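Beneath this line is the structure, given in structure tokens, with notes to follow.
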Amino acid sequence: MRSSPRWRDLGIVLHYTGKILAGYSFLCLIPALTSLLAGEYAPAADFFLSFGAILTVGASLAAFCRNGSRPGWMHGMATAGISWLVAMVVSALPYWLSGHYLSYLDAMFDVMSGLTTTGLTLIQDLDHVSIGLNMWRHLLTFVGGQGIIVLALALFVEGGGGGYGFYVGEGKDERLFPSVMHTAKAIWKISFIYLMVGTAALWLAGMTIGLSPSRAFLHGLWIYMADWSTGGFAPMSQNVLYYHSALYEAITFIFFVVGSFNFALHAAVLKGNRKELIKNIETVSFGATLCILTMLACWGLMKLQVYPDLVSLIRKGFYQLASAHTTTGFMTIYPRQFAAEWGDLALLAVIMAMLIGGSACSTAGGFKGLRVGILAKAIIQDTKRLLRPSSAVVVQKYHYHGLRTLGERQVRGAALVVLMYMVIFAFAAAAGCLAGFPFLEAVFEAASVTGNVGLSIGVTTASIPTGLKLVYIFNMWAGRLEFMAVLASAGFVASLFGKRKL
Amino acid sequence: MKNDTTFSDAIFVFFALVVAIVPAAADPGTDFFTAVPAIHLSDIVEKASSYDGTIVAIEGEIVGDVMARGDHSWINILDSGTAVGIWADNDRLPEIAYLGNYEAIGDRVYITGIMHRACPEHGGDLDIHAETIVLVKKGIPISHPLDLTRLCAAIAFSLSGILLAVLWRKRGRREKSS
């Protein structure tokens, strides 16, 4: 039972990273074929080039870094963390070749933003981007929402002992089935069912609002991919505002809320257990925080008379807040309107919503409704302990796919993750202030990157300092993987080079 | 000195009146009509409260789609990285040759209209209700020639990737069988 990594372990980690990359490379064929169908031959060549380059790197690692050992928990966690970084570097190639980025770092920023379903972007001239590149942008966010490791597990990586490590390393810990591979396949099945329904709904809506059938289909597919994944990318620079449509906004609202729910909850509802939807601690927590924060935001917006009527208040105030809470990042206002018009109270509500985020084991970010619910229950339990005799035993229950007893372990786990989120949030906010942005703007953007949201107050542009871009990339990565894989990867690399063993 | 100041004030007022009145009076399509300098869209968004409810003049490229909604349409105008929605009567829309996208730089238009910071008619959208739209410059198609070096690199990398993948699978099978 050795837990200290050796160079031999690095071989195992690189082997599995290579396998994941090799499978991941085939994703490039989707925008490549899309480009060919659209008659965009130059982007098609870029995607075939990227496919070949990623497959070469992946197959080389898989072929030459192997020693026949089965992966363990440590390998799974380190592979998850490292794979995301390597995927960021290689997936930036089509972006960079497109000429829409000022530097390779900007292209990597957008890949990390897409894969982590954040939605912030440094792309230049988005309104003139090719169909192929838009397909790649939205595909990345769709795959990232489910997880690149989940994709690999579902398709071809035999998990072994480390299979669960791969899966947990990507920020998911719910098993829909006893086997991790079956769970991964179930996640993709659920996503594809919704993909068909959501694309069809947005396609019809697109034609209703005046888009041509082909444009309505492409926009419907792309918006749906970003919607379900709580990603926030859109094919036009105005984001969802481009469509000027209450119908489009209503459909995106439904799917980003549904997308922010736990995959285990989807599975339960699809199996007929609809009661779970109203009993589950996550949906209860989400409903409660959404109501409280909506009231807070509306109070702030009404006090400043930002919107002239109730419809505007719902379409702008509530939509933006729900988009923040589900960590989607779809916008129907301009980033600078947050800064110039919304006022401190409404912005505070949005910042809190972005930090809380959606459900665990979903496509959403933030420190998750489950942890908020557990901490709220822990506060109730401690209050009861204070009020009752010291000899009394206070048992606190919560409903999470069955009735469970709240234990110290759950509370400690939830508190630690929330604490780590707050630490990196403060780190990004400080970096924003150091870069010269006003406090509130730096805090807003930090909450957006840490919670993988994508709403912007106007800070994130290609002109921000390189250091701030790197901090934001780190926060998006760490926030998406929920720290375990990040800490494991850092410890793994440090112990390879250092004398101290893990 | 006092007389000079009064005279310059009079000239200023005259030009201010010209700027305010001429757009409403002139016929669309004349060069004279587009003489009022356009405001940058980024300024309109940044200082939305100051422009709210006023008549503004803007100039930019039509991007994306013309989304017809009954007797009106939505078009989106792009100027220096910022795009804003324009709500226009279909009769006032000029004949559009090119919409801005990957394949073309869209037609450039000059628009005067009422700016709304939070339009009550359109669910609080920041938009401009067009009074006049004039085609300033016809768009042009953009060619994206295939780069032969990239094509060769794509073929070379794809072949090397596939060969390495075959090698990896063969090694994997050999190890499994042994």
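By order in the structure tokens, chains are A, B, ...; within a chain, residues start at 1; ligands start at 1, following the order shown.
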**OP:** Check every residue of chain B for an atom within 6 Å of chain A, counting only C-alpha atoms, and provide those that qualify as a PyMOL selection string.
**Re:** chain B and resi 67-68+101-102+123-124+146+151+154+157-158+161+164-165+168
Subject >> Which of region 114-149 of chain B fall in strand (DSSP E), as number ranges by chain >> reply: B: 114-116, 127-137, 140-141
Put those residues in a file: all heavy atoms, as a short mmCIF file (atom, residue, chain, number, x, y, z; two decimals), in the first residue's frame.
```cif
data_model
loop_
_atom_site.label_atom_id
_atom_site.label_comp_id
_atom_site.auth_asym_id
_atom_site.auth_seq_id
_atom_site.Cartn_x
_atom_site.Cartn_y
_atom_site.Cartn_z
N ILE B 114 -34.64 57.04 -31.98
CA ILE B 114 -34.78 57.32 -30.55
C ILE B 114 -34.13 56.19 -29.76
O ILE B 114 -34.45 55.01 -29.96
CB ILE B 114 -36.26 57.47 -30.15
CG1 ILE B 114 -36.89 58.62 -30.96
CG2 ILE B 114 -36.41 57.74 -28.66
CD1 ILE B 114 -38.39 58.69 -30.87
N MET B 115 -33.21 56.59 -28.90
CA MET B 115 -32.50 55.59 -28.09
C MET B 115 -33.25 55.33 -26.78
O MET B 115 -33.73 56.26 -26.15
CB MET B 115 -31.08 56.11 -27.80
CG MET B 115 -30.20 55.12 -27.12
SD MET B 115 -30.32 55.30 -25.34
CE MET B 115 -29.33 53.96 -24.78
N HIS B 116 -33.37 54.03 -26.44
CA HIS B 116 -34.00 53.65 -25.17
C HIS B 116 -33.00 52.90 -24.32
O HIS B 116 -32.47 51.88 -24.76
CB HIS B 116 -35.21 52.74 -25.43
CG HIS B 116 -36.26 53.39 -26.27
ND1 HIS B 116 -37.22 54.22 -25.76
CD2 HIS B 116 -36.50 53.31 -27.60
CE1 HIS B 116 -38.01 54.64 -26.73
NE2 HIS B 116 -37.60 54.10 -27.86
N ASP B 127 -32.14 49.66 -26.86
CA ASP B 127 -32.30 49.61 -28.32
C ASP B 127 -32.50 51.00 -28.91
O ASP B 127 -32.55 52.01 -28.17
CB ASP B 127 -33.48 48.69 -28.71
CG ASP B 127 -34.84 49.20 -28.23
OD1 ASP B 127 -34.94 50.40 -27.89
OD2 ASP B 127 -35.80 48.40 -28.20
N ILE B 128 -32.55 51.05 -30.22
CA ILE B 128 -32.81 52.31 -30.93
C ILE B 128 -33.98 52.06 -31.88
O ILE B 128 -33.95 51.09 -32.66
CB ILE B 128 -31.56 52.78 -31.70
CG1 ILE B 128 -30.44 53.14 -30.71
CG2 ILE B 128 -31.88 53.97 -32.61
CD1 ILE B 128 -29.08 53.37 -31.35
N HIS B 129 -34.99 52.91 -31.79
CA HIS B 129 -36.12 52.81 -32.73
C HIS B 129 -35.80 53.74 -33.90
O HIS B 129 -35.77 54.96 -33.74
CB HIS B 129 -37.42 53.21 -32.05
CG HIS B 129 -37.88 52.21 -31.03
ND1 HIS B 129 -39.19 52.07 -30.65
CD2 HIS B 129 -37.21 51.26 -30.34
CE1 HIS B 129 -39.30 51.09 -29.75
NE2 HIS B 129 -38.11 50.60 -29.55
N ALA B 130 -35.56 53.14 -35.04
CA ALA B 130 -35.05 53.91 -36.19
C ALA B 130 -36.09 54.86 -36.77
O ALA B 130 -37.26 54.50 -36.91
CB ALA B 130 -34.56 52.96 -37.25
N GLU B 131 -35.65 56.08 -37.06
CA GLU B 131 -36.49 57.05 -37.76
C GLU B 131 -36.09 57.05 -39.23
O GLU B 131 -36.94 57.07 -40.11
CB GLU B 131 -36.25 58.45 -37.18
CG GLU B 131 -36.50 58.54 -35.69
CD GLU B 131 -37.88 59.06 -35.36
OE1 GLU B 131 -38.23 60.15 -35.82
OE2 GLU B 131 -38.60 58.36 -34.64
N THR B 132 -34.78 57.05 -39.46
CA THR B 132 -34.28 57.00 -40.84
C THR B 132 -33.09 56.05 -40.92
O THR B 132 -32.31 55.94 -39.98
CB THR B 132 -33.79 58.39 -41.31
OG1 THR B 132 -32.76 58.82 -40.41
CG2 THR B 132 -34.89 59.42 -41.34
N ILE B 133 -33.01 55.34 -42.02
CA ILE B 133 -31.86 54.44 -42.25
C ILE B 133 -31.34 54.71 -43.66
O ILE B 133 -32.10 54.65 -44.63
CB ILE B 133 -32.25 52.96 -42.14
CG1 ILE B 133 -32.93 52.69 -40.79
CG2 ILE B 133 -31.03 52.06 -42.31
CD1 ILE B 133 -33.40 51.26 -40.60
N VAL B 134 -30.07 55.03 -43.75
CA VAL B 134 -29.48 55.34 -45.06
C VAL B 134 -28.30 54.40 -45.31
O VAL B 134 -27.45 54.21 -44.43
CB VAL B 134 -28.97 56.81 -45.09
CG1 VAL B 134 -28.35 57.13 -46.44
CG2 VAL B 134 -30.09 57.75 -44.77
N LEU B 135 -28.28 53.82 -46.48
CA LEU B 135 -27.15 52.97 -46.85
C LEU B 135 -25.94 53.86 -47.14
O LEU B 135 -25.99 54.72 -48.01
CB LEU B 135 -27.50 52.13 -48.08
CG LEU B 135 -26.45 51.13 -48.53
CD1 LEU B 135 -26.28 50.01 -47.52
CD2 LEU B 135 -26.82 50.55 -49.88
N VAL B 136 -24.87 53.68 -46.40
CA VAL B 136 -23.66 54.50 -46.57
C VAL B 136 -22.68 53.80 -47.51
O VAL B 136 -22.10 54.40 -48.40
CB VAL B 136 -22.99 54.75 -45.20
CG1 VAL B 136 -21.67 55.49 -45.37
CG2 VAL B 136 -23.91 55.53 -44.29
N LYS B 137 -22.52 52.51 -47.30
CA LYS B 137 -21.55 51.77 -48.11
C LYS B 137 -22.02 50.32 -48.24
O LYS B 137 -22.38 49.69 -47.23
CB LYS B 137 -20.18 51.81 -47.42
CG LYS B 137 -19.03 51.34 -48.25
CD LYS B 137 -17.75 51.45 -47.44
CE LYS B 137 -16.59 50.81 -48.17
NZ LYS B 137 -15.40 50.72 -47.33
N ILE B 140 -19.02 43.97 -48.66
CA ILE B 140 -18.22 43.21 -49.64
C ILE B 140 -18.01 41.78 -49.16
O ILE B 140 -17.90 41.54 -47.96
CB ILE B 140 -16.83 43.87 -49.89
CG1 ILE B 140 -16.16 44.25 -48.56
CG2 ILE B 140 -16.90 45.04 -50.83
CD1 ILE B 140 -14.69 44.53 -48.68
N PRO B 141 -17.96 40.85 -50.12
CA PRO B 141 -17.68 39.47 -49.70
C PRO B 141 -16.22 39.32 -49.26
O PRO B 141 -15.35 40.04 -49.77
CB PRO B 141 -17.97 38.64 -50.95
CG PRO B 141 -17.96 39.60 -52.07
CD PRO B 141 -18.21 40.96 -51.55
#
```
Original post:
Using only C-alpha atoms, which of B:Gly106, B:Ala156, B:Pro145, B:Arg117 sits nearest Ser50 (chain B)?
Top reply: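 Between B:Gly106, B:Ala156, B:Pro145, B:Arg117, the residue approaching Ser50 (chain B) most closely is B:Arg117.
Closest approach to Leu126 (chain B) among B:Val66, B:Val109, B:Val84, B:Ile162 is made by B:Val84 (distances from only C-alpha atoms).
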Original post:
Do you know which residues are at most 8 Å from region 279-286 of chain A counting only C-alpha atoms, after dropping those on the same chain fewer than 4 positions away, and could you put them as an MDAnalysis selection string?
Top reply: chainID A and resid 261 275 290 358:359 369:370 372:373 398:401
Original post:
Do you have the CA of Ala186 (chain A)-CA of Leu133 (chain A) distance handy?
Top reply: 28.5 Å
Original post:
What is the CA of Leu99 (chain B)-CA of Ile77 (chain B) distance in Å, reported with one decimal?
Top reply: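 Those two atoms sit 10.0 Å apart.
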